[in-house]
file upload-v7.txt (compact mmCIF, C-alpha atoms (C1' of nucleotides))
# COMPACT_ATOMS: atom_id res chain seq x y z
CA MET A 195 0.00 0.00 0.00
CA ASP A 196 1.35 3.41 -0.86
CA LEU A 197 0.69 6.44 1.26
CA ASP A 198 0.28 9.98 0.13
CA LYS A 199 1.00 13.08 2.19
CA THR A 200 -2.49 13.12 3.65
CA ASP A 201 -2.23 9.52 4.81
CA ARG A 202 1.04 10.33 6.50
CA LYS A 203 -0.49 13.34 8.19
CA ILE A 204 -3.31 11.18 9.46
CA LEU A 205 -0.87 8.59 10.78
CA ARG A 206 1.19 11.24 12.51
CA GLU A 207 -1.89 12.49 14.31
CA LEU A 208 -2.98 8.99 15.28
CA LEU A 209 0.48 8.35 16.69
CA ILE A 210 0.10 11.41 18.89
CA ASN A 211 -3.49 10.71 19.88
CA ALA A 212 -5.29 7.57 18.80
CA ARG A 213 -8.57 8.78 20.31
CA ILE A 214 -8.83 11.93 18.24
CA SER A 215 -12.23 12.32 16.58
CA ILE A 216 -12.64 12.05 12.83
CA THR A 217 -13.98 15.60 12.83
CA GLU A 218 -10.89 17.07 14.44
CA LEU A 219 -8.63 14.85 12.37
CA GLY A 220 -10.32 16.19 9.25
CA ARG A 221 -9.75 19.72 10.43
CA LYS A 222 -6.06 19.05 11.08
CA VAL A 223 -5.37 17.47 7.70
CA GLY A 224 -7.64 19.82 5.74
CA LEU A 225 -10.30 17.36 4.63
CA SER A 226 -13.89 16.62 5.49
CA LYS A 227 -14.80 13.66 7.67
CA THR A 228 -15.77 11.27 4.89
CA PRO A 229 -12.40 10.75 3.20
CA VAL A 230 -10.60 10.73 6.52
CA ALA A 231 -12.76 7.89 7.81
CA LEU A 232 -12.29 6.05 4.51
CA ARG A 233 -8.52 6.40 4.56
CA ILE A 234 -8.29 5.15 8.13
CA LYS A 235 -10.43 2.13 7.32
CA GLN A 236 -8.29 1.35 4.28
CA MET A 237 -5.09 1.60 6.30
CA GLU A 238 -6.57 -0.68 8.92
CA GLU A 239 -7.66 -3.22 6.34
CA ALA A 240 -4.26 -3.10 4.65
CA GLY A 241 -2.72 -4.13 7.97
CA LEU A 242 -0.84 -0.88 8.20
CA ILE A 243 -2.62 0.26 11.33
CA THR A 244 -2.67 -2.86 13.48
CA GLY A 245 -4.43 -1.40 16.49
CA TYR A 246 -4.69 1.34 19.07
CA ARG A 247 -3.09 1.11 22.49
CA ALA A 248 -3.01 3.09 25.68
CA ILE A 249 0.51 4.19 26.59
CA LEU A 250 1.35 3.66 30.23
CA SER A 251 4.08 5.29 32.27
CA PRO A 252 6.65 2.68 33.31
CA ILE A 253 7.65 4.94 36.19
CA GLN A 254 4.10 5.28 37.52
CA LEU A 255 3.69 1.53 37.15
CA GLY A 256 6.88 0.92 39.11
CA LEU A 257 8.43 -0.78 36.10
CA SER A 258 11.27 1.54 35.25
CA HIS A 259 14.11 -0.95 35.57
CA VAL A 260 15.37 -2.01 32.15
CA THR A 261 18.02 -4.64 31.50
CA PHE A 262 19.36 -5.81 28.17
CA MET A 263 20.54 -9.38 28.00
CA GLN A 264 22.72 -11.05 25.45
CA ILE A 265 21.93 -14.73 25.23
CA ARG A 266 23.95 -17.41 23.51
CA LEU A 267 22.47 -20.79 22.76
CA GLY A 268 24.32 -24.08 22.95
CA ASP A 269 22.27 -25.47 20.11
CA THR A 270 21.45 -23.19 17.18
CA ARG A 271 19.72 -25.70 14.91
CA GLN A 272 16.32 -24.65 13.60
CA GLN A 273 14.41 -26.82 16.04
CA ALA A 274 16.23 -25.35 19.04
CA LEU A 275 15.67 -21.80 17.84
CA LEU A 276 11.95 -22.43 17.45
CA GLN A 277 11.75 -23.87 20.94
CA PHE A 278 13.60 -20.89 22.36
CA ASN A 279 11.40 -18.41 20.47
CA ALA A 280 8.21 -20.03 21.70
CA ALA A 281 9.41 -20.12 25.30
CA VAL A 282 10.64 -16.53 25.38
CA ARG A 283 7.30 -15.27 24.09
CA GLU A 284 5.70 -16.65 27.25
CA ILE A 285 7.73 -14.43 29.57
CA GLU A 286 5.77 -11.25 30.06
CA GLU A 287 8.76 -9.37 31.45
CA VAL A 288 10.46 -9.72 28.07
CA GLU A 289 9.46 -6.57 26.28
CA GLU A 290 11.54 -7.28 23.18
CA CYS A 291 13.54 -10.16 21.80
CA TYR A 292 15.57 -10.18 18.59
CA MET A 293 17.65 -12.87 16.97
CA ILE A 294 20.98 -11.30 16.19
CA ALA A 295 23.47 -11.84 13.40
CA GLY A 296 26.90 -11.72 14.93
CA GLY A 297 28.66 -12.41 18.16
CA PHE A 298 25.70 -13.57 20.21
CA ASP A 299 22.40 -15.17 19.35
CA TYR A 300 19.64 -13.16 21.00
CA LEU A 301 19.18 -9.74 22.50
CA LEU A 302 16.43 -9.35 25.09
CA LYS A 303 15.01 -6.26 26.72
CA VAL A 304 13.66 -7.15 30.14
CA ARG A 305 11.48 -4.82 32.18
CA SER A 306 11.21 -5.23 35.95
CA ARG A 307 10.39 -3.35 39.16
CA ASP A 308 13.98 -3.13 40.36
CA MET A 309 17.23 -5.01 40.46
CA ALA A 310 15.88 -7.59 42.91
CA ASP A 311 12.91 -8.20 40.66
CA PHE A 312 15.21 -8.57 37.69
CA ARG A 313 17.23 -11.19 39.55
CA ARG A 314 14.03 -13.08 40.20
CA VAL A 315 13.03 -12.91 36.52
CA MET A 316 16.48 -14.04 35.50
CA ALA A 317 16.58 -16.92 37.99
CA GLU A 318 13.04 -18.13 37.47
CA GLN A 319 12.31 -17.36 33.84
CA ILE A 320 15.32 -16.60 31.69
CA SER A 321 17.44 -19.40 33.13
CA ALA A 322 14.66 -21.84 32.40
CA LEU A 323 14.69 -21.05 28.68
CA PRO A 324 15.76 -23.98 26.53
CA HIS A 325 19.28 -24.27 25.07
CA VAL A 326 20.74 -21.23 26.84
CA SER A 327 24.48 -21.63 27.24
CA ALA A 328 25.55 -18.16 28.36
CA THR A 329 24.07 -14.76 29.18
CA SER A 330 25.37 -11.32 29.97
CA SER A 331 23.30 -8.47 31.31
CA PHE A 332 23.54 -4.73 30.88
CA VAL A 333 21.56 -2.54 33.20
CA ALA A 334 20.09 0.69 31.87
CA MET A 335 20.93 3.69 34.02
CA GLU A 336 18.82 6.15 32.11
CA ALA A 337 16.20 6.02 29.39
CA VAL A 338 17.23 8.68 26.89
CA VAL A 339 14.71 7.66 24.21
CA GLU A 340 11.96 5.21 25.15
CA GLU A 341 9.50 5.43 22.28
CA GLY A 342 11.02 7.25 19.40
CA ALA A 343 9.00 8.79 16.63
CA ILE A 344 8.40 6.68 13.55
CA PRO A 345 10.00 8.15 10.42
CA LEU A 346 6.96 8.46 8.13
CA MET B 47 -1.27 5.76 42.84
CA ASP B 48 -2.33 2.24 43.71
CA LEU B 49 -4.37 0.14 41.37
CA ASP B 50 -6.97 -2.43 42.28
CA LYS B 51 -7.99 -5.38 40.18
CA THR B 52 -10.59 -3.40 38.29
CA ASP B 53 -8.06 -0.73 37.35
CA ARG B 54 -5.75 -3.41 36.04
CA LYS B 55 -8.57 -4.96 34.03
CA ILE B 56 -9.33 -1.59 32.50
CA LEU B 57 -5.67 -1.05 31.64
CA ARG B 58 -5.41 -4.48 30.06
CA GLU B 59 -8.38 -3.69 27.84
CA LEU B 60 -6.99 -0.30 26.90
CA LEU B 61 -3.69 -1.94 25.99
CA ILE B 62 -5.56 -4.25 23.63
CA ASN B 63 -7.83 -1.58 22.21
CA ALA B 64 -7.51 2.05 23.17
CA ARG B 65 -10.60 3.01 21.19
CA ILE B 66 -13.00 0.74 23.04
CA SER B 67 -16.16 2.54 24.20
CA ILE B 68 -16.81 3.17 27.87
CA THR B 69 -19.98 1.11 27.58
CA GLU B 70 -18.20 -1.96 26.32
CA LEU B 71 -15.35 -1.45 28.75
CA GLY B 72 -17.87 -1.37 31.58
CA ARG B 73 -19.38 -4.59 30.33
CA LYS B 74 -15.99 -6.27 30.17
CA VAL B 75 -14.92 -5.31 33.67
CA GLY B 76 -18.38 -5.74 35.19
CA LEU B 77 -19.11 -2.14 36.12
CA SER B 78 -21.40 0.60 34.87
CA LYS B 79 -20.10 3.44 32.75
CA THR B 80 -19.81 6.01 35.53
CA PRO B 81 -17.03 4.45 37.61
CA VAL B 82 -15.17 3.27 34.50
CA ALA B 83 -15.05 6.79 33.10
CA LEU B 84 -13.99 8.08 36.51
CA ARG B 85 -11.20 5.55 36.92
CA ILE B 86 -9.82 6.27 33.46
CA LYS B 87 -9.81 9.99 34.13
CA GLN B 88 -8.02 9.45 37.44
CA MET B 89 -5.39 7.25 35.84
CA GLU B 90 -4.86 9.85 33.15
CA GLU B 91 -4.53 12.63 35.68
CA ALA B 92 -2.13 10.58 37.79
CA GLY B 93 0.12 10.32 34.74
CA LEU B 94 -0.29 6.57 34.62
CA ILE B 95 -1.98 6.62 31.24
CA THR B 96 0.14 9.03 29.24
CA GLY B 97 -1.71 8.78 25.97
CA TYR B 98 -3.21 6.65 23.23
CA ARG B 99 -1.33 5.72 20.10
CA ALA B 100 -2.05 3.94 16.87
CA ILE B 101 0.17 0.90 16.39
CA LEU B 102 1.63 0.66 12.91
CA SER B 103 3.09 -2.37 11.19
CA PRO B 104 6.82 -1.88 10.60
CA ILE B 105 6.63 -4.41 7.78
CA GLN B 106 3.79 -2.62 5.98
CA LEU B 107 5.68 0.64 6.45
CA GLY B 108 8.82 -0.87 4.97
CA LEU B 109 10.68 -0.30 8.23
CA SER B 110 11.44 -3.81 9.35
CA HIS B 111 15.20 -3.50 9.54
CA VAL B 112 16.39 -3.25 13.14
CA THR B 113 19.96 -2.67 14.25
CA PHE B 114 21.27 -2.38 17.78
CA MET B 115 24.30 -0.19 18.27
CA GLN B 116 26.68 -0.04 21.17
CA ILE B 117 28.20 3.39 21.45
CA ARG B 118 31.15 4.44 23.54
CA LEU B 119 31.88 8.08 24.24
CA GLY B 120 35.33 9.61 24.43
CA ASP B 121 34.14 12.08 27.03
CA THR B 122 31.73 10.87 29.72
CA ARG B 123 31.53 14.01 31.82
CA GLN B 124 28.04 15.23 32.63
CA GLN B 125 28.16 18.00 30.04
CA ALA B 126 29.13 15.59 27.27
CA LEU B 127 26.41 13.13 28.23
CA LEU B 128 23.78 15.86 28.13
CA GLN B 129 24.96 16.97 24.72
CA PHE B 130 24.85 13.42 23.43
CA ASN B 131 21.38 12.81 24.89
CA ALA B 132 19.96 15.96 23.32
CA ALA B 133 21.46 15.14 19.93
CA VAL B 134 20.34 11.52 19.86
CA ARG B 135 16.75 12.56 20.61
CA GLU B 136 16.74 14.48 17.33
CA ILE B 137 17.35 11.38 15.21
CA GLU B 138 13.98 9.96 14.32
CA GLU B 139 15.41 6.61 13.27
CA VAL B 140 16.52 6.03 16.86
CA GLU B 141 13.61 4.18 18.36
CA GLU B 142 15.26 3.65 21.74
CA CYS B 143 18.37 4.85 23.51
CA TYR B 144 19.56 3.81 26.96
CA MET B 145 22.59 4.82 28.96
CA ILE B 146 24.20 1.61 30.11
CA ALA B 147 26.13 0.69 33.25
CA GLY B 148 28.97 -1.51 32.20
CA GLY B 149 31.24 -2.13 29.26
CA PHE B 150 29.85 0.46 26.90
CA ASP B 151 28.05 3.74 27.35
CA TYR B 152 24.90 3.69 25.24
CA LEU B 153 22.71 1.14 23.55
CA LEU B 154 20.62 2.33 20.60
CA LYS B 155 17.90 0.62 18.67
CA VAL B 156 17.81 1.99 15.13
CA ARG B 157 14.97 1.32 12.72
CA SER B 158 15.48 1.64 8.97
CA ARG B 159 14.18 0.47 5.59
CA ASP B 160 17.04 -1.90 4.88
CA MET B 161 20.76 -2.29 5.31
CA ALA B 162 21.54 0.45 2.82
CA ASP B 163 19.24 2.81 4.67
CA PHE B 164 20.89 1.88 7.94
CA ARG B 165 24.29 2.70 6.50
CA ARG B 166 22.96 6.09 5.48
CA VAL B 167 21.59 6.72 8.98
CA MET B 168 24.85 5.65 10.51
CA ALA B 169 26.96 7.76 8.19
CA GLU B 170 24.81 10.88 8.27
CA GLN B 171 23.28 10.85 11.73
CA ILE B 172 24.94 8.54 14.23
CA SER B 173 28.47 9.46 13.22
CA ALA B 174 27.60 13.10 13.68
CA LEU B 175 26.65 12.64 17.33
CA PRO B 176 28.97 14.45 19.74
CA HIS B 177 31.73 12.65 21.68
CA VAL B 178 31.32 9.28 19.97
CA SER B 179 34.57 7.35 20.12
CA ALA B 180 33.51 3.88 18.99
CA THR B 181 30.44 1.98 17.82
CA SER B 182 29.55 -1.59 17.07
CA SER B 183 26.39 -2.70 15.33
CA PHE B 184 24.32 -5.85 15.62
CA VAL B 185 21.75 -6.53 12.95
CA ALA B 186 18.51 -8.22 13.94
CA MET B 187 17.68 -11.22 11.79
CA GLU B 188 14.28 -11.86 13.27
CA ALA B 189 11.90 -10.07 15.63
CA VAL B 190 10.81 -12.72 18.13
CA VAL B 191 9.06 -10.29 20.48
CA GLU B 192 8.43 -6.73 19.26
CA GLU B 193 5.98 -5.33 21.76
CA GLY B 194 5.71 -7.53 24.77
CA ALA B 195 2.82 -7.42 27.17
CA ILE B 196 3.17 -5.23 30.21
CA PRO B 197 3.15 -7.24 33.46
CA LEU B 198 0.28 -5.56 35.29
C1' DC C 268 -17.88 3.55 45.80
C1' DC C 269 -21.41 1.85 42.85
C1' DT C 270 -26.08 1.77 39.92
C1' DG C 271 -29.31 3.47 36.76
C1' DA C 272 -31.21 6.89 33.95
C1' DA C 273 -32.03 11.18 31.48
C1' DA C 274 -30.49 15.25 28.75
C1' DA C 275 -27.23 17.57 26.03
C1' DA C 276 -23.27 17.42 23.18
C1' DT C 277 -20.36 15.23 20.14
C1' DT C 278 -19.22 11.73 16.88
C1' DA C 279 -19.66 8.13 13.30
C1' DT C 280 -22.00 6.62 9.23
C1' DT C 281 -24.46 6.87 5.17
C1' DC C 282 -25.82 8.76 0.92
C1' DG C 283 -26.83 12.03 -2.84
C1' DC C 284 -24.15 15.30 -5.28
C1' DG D 265 -13.96 14.70 -1.86
C1' DC D 266 -18.17 17.66 0.02
C1' DG D 267 -22.11 18.45 3.00
C1' DA D 268 -26.29 17.17 5.16
C1' DA D 269 -29.15 13.81 7.47
C1' DT D 270 -29.39 9.81 10.41
C1' DA D 271 -27.83 6.82 13.85
C1' DA D 272 -24.88 5.74 17.61
C1' DT D 273 -21.88 7.21 21.64
C1' DT D 274 -20.14 9.94 25.05
C1' DT D 275 -20.27 13.24 28.76
C1' DT D 276 -22.44 15.17 32.49
C1' DT D 277 -25.39 15.18 36.08
C1' DC D 278 -28.19 13.45 39.68
C1' DA D 279 -31.07 10.63 42.91
C1' DG D 280 -30.61 6.57 45.48
C1' DG D 281 -28.43 2.16 47.73
call {"tool": "encode", "arguments": {"input": "upload-v7.txt", "output": "structure tokens"}}
result
Amino acid sequence: MDLDKTDRKILRELLINARISITELGRKVGLSKTPVALRIKQMEEAGLITGYRAILSPIQLGLSHVTFMQIRLGDTRQQALLQFNAAVREIEEVEECYMIAGGFDYLLKVRSRDMADFRRVMAEQISALPHVSATSSFVAMEAVVEEGAIPL
Amino acid sequence: MDLDKTDRKILRELLINARISITELGRKVGLSKTPVALRIKQMEEAGLITGYRAILSPIQLGLSHVTFMQIRLGDTRQQALLQFNAAVREIEEVEECYMIAGGFDYLLKVRSRDMADFRRVMAEQISALPHVSATSSFVAMEAVVEEGAIPL
DNA sequence: CCTGAAAAATTATTCGC
DNA sequence: GCGAATAATTTTTCAGG
């Protein structure tokens, strides 16, 4: 699906405020309600807009502790990777997980209440993942950019 | 602010669909509209809910290439860190940036169209950041978990 | 702290142009 | 893509448990 300038404007507004009304959105992008509603529906149906989510404050939730973990697997055959992927998706503290080309196999971003909570997650959840042979952890001291803008 | 079970239920629903109506939300959590609307407003005012955003598909946007970069600074005095932080926030391709305790100074997640686009971002933007002394990049081969659930 | 309900305002949807 | 009419929702308010 290709996007014109108006589509991009609409997306930018929906990234700022997903609950904006069609009326106000139309006003902001310089169109009437009808085409705005149509464009949004088309972008939803094209799978470009996959949903709308509330954004919560990690600090207010007491979940400001972020740790990145490098994980190396002892077995990197397809079957082992699939088992690892499936298992890691079950850990709710794992906010992100990428398979990496290079020196290690996976990079995980783990969110927890504090260091003690992270140690619990690591001991109870991460260590139990299949085929893990080594891990190293890097604790975030400061979040400089948490949710960067999307380059539209 | 402390959350009871109902608040958590509301948050879970708003994480799934931020555009759900108060009526339906009330039905899902087993309350009438009035207290649901009140609780949402309170959570917004407490800064717990910071906003509502559309979720876009990186693949449909042609932005599925993810690279993590370790960055070491030559100068790690407070002034230099502040300059780096301010500059990195201006790069829209930087989706996340954390200051790290340990072997390197910053970890960046960079989103781009493809490898060629990443090289452009690195050459034009990342290299221009102040006080950078060394970088190493790790290309993601597969996104196993992109937006994990929040442990409420 | 919740329910239920009514009125007023706003929004979404539909359709002819 | 516009603009108007129709239909659906939301917000606000209030009496009562």
call {"tool": "closest_atom_pairs", "arguments": {"input": "upload-v7.txt", "of": "stretch 137-159 of chain B", "to": "stretch 330-335 of chain A", "cutoff": "8 Å", "atoms": "only C-alpha atoms", "output": "Markdown table"}}
result
| residue | atom | partner | partner_atom | distance |
| --- | --- | --- | --- | --- |
| B:Tyr144 | CA | A:Ala334 | CA | 5.8 |
| B:Met145 | CA | A:Met335 | CA | 5.4 |
| B:Ile146 | CA | A:Ala334 | CA | 4.6 |
| B:Ala147 | CA | A:Val333 | CA | 5.6 |
| B:Gly148 | CA | A:Phe332 | CA | 6.4 |
call {"tool": "interface_residues", "arguments": {"input": "upload-v7.txt", "of": "chain D", "to": "chain B", "cutoff": "12 Å", "atoms": "all atoms listed in the file", "output": "ChimeraX atom specification"}}
result
/D:272-278
call {"tool": "residues_around", "arguments": {"input": "upload-v7.txt", "residues": "A:Asn279", "least_positions_apart": "6", "cutoff": "12 Å", "atoms": "all atoms listed in the file", "output": "list in words"}}
result
Leu267, Thr270, Gln272, Gln273, Ile285, Val288, Glu290, Cys291, Tyr292, Met293, Asp299, Tyr300, Leu301, Leu302, Leu323, Pro324, His325 and Val326 of chain A; Glu188, Ala189, Val190 and Val191 of chain B
call {"tool": "atom_distance", "arguments": {"input": "upload-v7.txt", "atom1": "atom CA of B:Glu91", "atom2": "atom C1' of C:DT277"}}
result
22.3 Å
call {"tool": "interface_residues", "arguments": {"input": "upload-v7.txt", "of": "chain B", "to": "chain C", "cutoff": "9 Å", "atoms": "only C-alpha atoms (C1' of nucleotides)", "output": "PyMOL selection string"}}
result
chain B and resi 77-78+80-81
call {"tool": "closest_residue", "arguments": {"input": "upload-v7.txt", "among": "B:Tyr98, B:Gln88, B:Arg157, B:Thr52", "to": "chain A", "atoms": "all atoms listed in the file"}}
result
B:Tyr98
call {"tool": "residues_around", "arguments": {"input": "upload-v7.txt", "residues": "A:Val304", "least_positions_apart": "3", "cutoff": "7 Å", "atoms": "only C-alpha atoms (C1' of nucleotides)", "output": "list of chain:residue names"}}
result
A:Val260, A:Thr261, A:Phe262, A:Glu287, A:Val288, A:Glu289
call {"tool": "closest_residue", "arguments": {"input": "upload-v7.txt", "among": "B:Thr181, B:Val75, B:Leu61, B:Gly120", "to": "chain A", "atoms": "all atoms listed in the file"}}
result
B:Leu61
call {"tool": "atom_distance", "arguments": {"input": "upload-v7.txt", "atom1": "atom CA of A:Glu318", "atom2": "atom CA of B:Lys55"}}
result
25.5 Å
call {"tool": "closest_residue", "arguments": {"input": "upload-v7.txt", "among": "B:Ile66, B:Ile56, B:Met168, B:Ala195", "to": "chain A", "atoms": "all atoms listed in the file"}}
result
B:Ala195
call {"tool": "closest_residue", "arguments": {"input": "upload-v7.txt", "among": "A:Lys222, A:Arg271, A:Arg233, A:His259", "to": "A:Met309", "atoms": "only C-alpha atoms"}}
result
A:His259
call {"tool": "closest_residue", "arguments": {"input": "upload-v7.txt", "among": "A:Gln277, A:Ser258, A:Ser327, A:Thr244", "to": "chain B", "atoms": "only C-alpha atoms"}}
result
A:Thr244
call {"tool": "axis_aligned_box", "arguments": {"input": "upload-v7.txt", "around": "stretch 271-277 of chain D", "padding_each_side": "8 Å", "output": "AutoDock Vina command-line options"}}
result
--center_x -24.0 --center_y 10.5 --center_z 25.0 --size_x 23.7 --size_y 25.4 --size_z 38.2
call {"tool": "atom_distance", "arguments": {"input": "upload-v7.txt", "atom1": "atom CA of A:Leu219", "atom2": "atom CA of A:Leu205"}}
result
10.1 Å
call {"tool": "closest_residue", "arguments": {"input": "upload-v7.txt", "among": "B:Arg166, B:Leu102, B:Asp48, B:Arg54", "to": "chain A", "atoms": "only C-alpha atoms"}}
result
B:Leu102
call {"tool": "build_atoms", "arguments": {"input": "upload-v7.txt", "residues": "stretch 186-195 of chain B", "atoms": "all heavy atoms", "output": "compact mmCIF listing (two decimals), in the coordinates of the input"}}
result
# COMPACT_ATOMS: atom_id res chain seq x y z
N ALA B 186 19.52 -7.23 13.56
CA ALA B 186 18.51 -8.22 13.94
C ALA B 186 18.12 -9.03 12.72
O ALA B 186 17.85 -8.48 11.66
CB ALA B 186 17.29 -7.51 14.52
N MET B 187 18.09 -10.35 12.88
CA MET B 187 17.68 -11.22 11.79
C MET B 187 16.20 -11.54 11.88
O MET B 187 15.57 -11.86 10.89
CB MET B 187 18.47 -12.52 11.83
CG MET B 187 19.94 -12.32 11.60
SD MET B 187 20.71 -13.86 11.10
CE MET B 187 20.18 -14.93 12.40
N GLU B 188 15.68 -11.51 13.09
CA GLU B 188 14.28 -11.86 13.27
C GLU B 188 13.76 -11.20 14.53
O GLU B 188 14.42 -11.20 15.56
CB GLU B 188 14.14 -13.39 13.40
CG GLU B 188 12.69 -13.85 13.48
CD GLU B 188 12.56 -15.35 13.78
OE1 GLU B 188 13.52 -16.10 13.51
OE2 GLU B 188 11.51 -15.73 14.31
N ALA B 189 12.56 -10.63 14.45
CA ALA B 189 11.90 -10.07 15.63
C ALA B 189 11.08 -11.18 16.28
O ALA B 189 10.07 -11.60 15.74
CB ALA B 189 11.02 -8.90 15.23
N VAL B 190 11.53 -11.65 17.43
CA VAL B 190 10.81 -12.72 18.13
C VAL B 190 9.71 -12.11 18.99
O VAL B 190 8.59 -12.60 19.01
CB VAL B 190 11.78 -13.57 18.98
CG1 VAL B 190 11.04 -14.68 19.70
CG2 VAL B 190 12.90 -14.13 18.10
N VAL B 191 10.05 -11.05 19.71
CA VAL B 191 9.06 -10.29 20.48
C VAL B 191 9.29 -8.82 20.17
O VAL B 191 10.38 -8.31 20.41
CB VAL B 191 9.20 -10.53 22.00
CG1 VAL B 191 8.20 -9.68 22.77
CG2 VAL B 191 9.03 -12.00 22.34
N GLU B 192 8.26 -8.15 19.61
CA GLU B 192 8.43 -6.73 19.26
C GLU B 192 7.83 -5.81 20.31
O GLU B 192 8.39 -4.79 20.66
CB GLU B 192 7.76 -6.43 17.91
CG GLU B 192 8.50 -6.96 16.73
CD GLU B 192 9.05 -5.86 15.84
OE1 GLU B 192 9.64 -4.89 16.33
OE2 GLU B 192 8.89 -5.99 14.62
N GLU B 193 6.65 -6.17 20.77
CA GLU B 193 5.98 -5.33 21.76
C GLU B 193 5.38 -6.23 22.81
O GLU B 193 4.22 -6.62 22.73
CB GLU B 193 4.83 -4.53 21.11
CG GLU B 193 5.29 -3.61 20.02
CD GLU B 193 4.79 -2.20 20.26
OE1 GLU B 193 4.77 -1.76 21.43
OE2 GLU B 193 4.41 -1.55 19.29
N GLY B 194 6.16 -6.59 23.76
CA GLY B 194 5.71 -7.53 24.77
C GLY B 194 4.61 -6.95 25.63
O GLY B 194 4.42 -5.75 25.70
N ALA B 195 3.87 -7.83 26.24
CA ALA B 195 2.82 -7.42 27.17
C ALA B 195 3.45 -6.74 28.37
O ALA B 195 4.62 -6.97 28.68
CB ALA B 195 2.00 -8.62 27.61
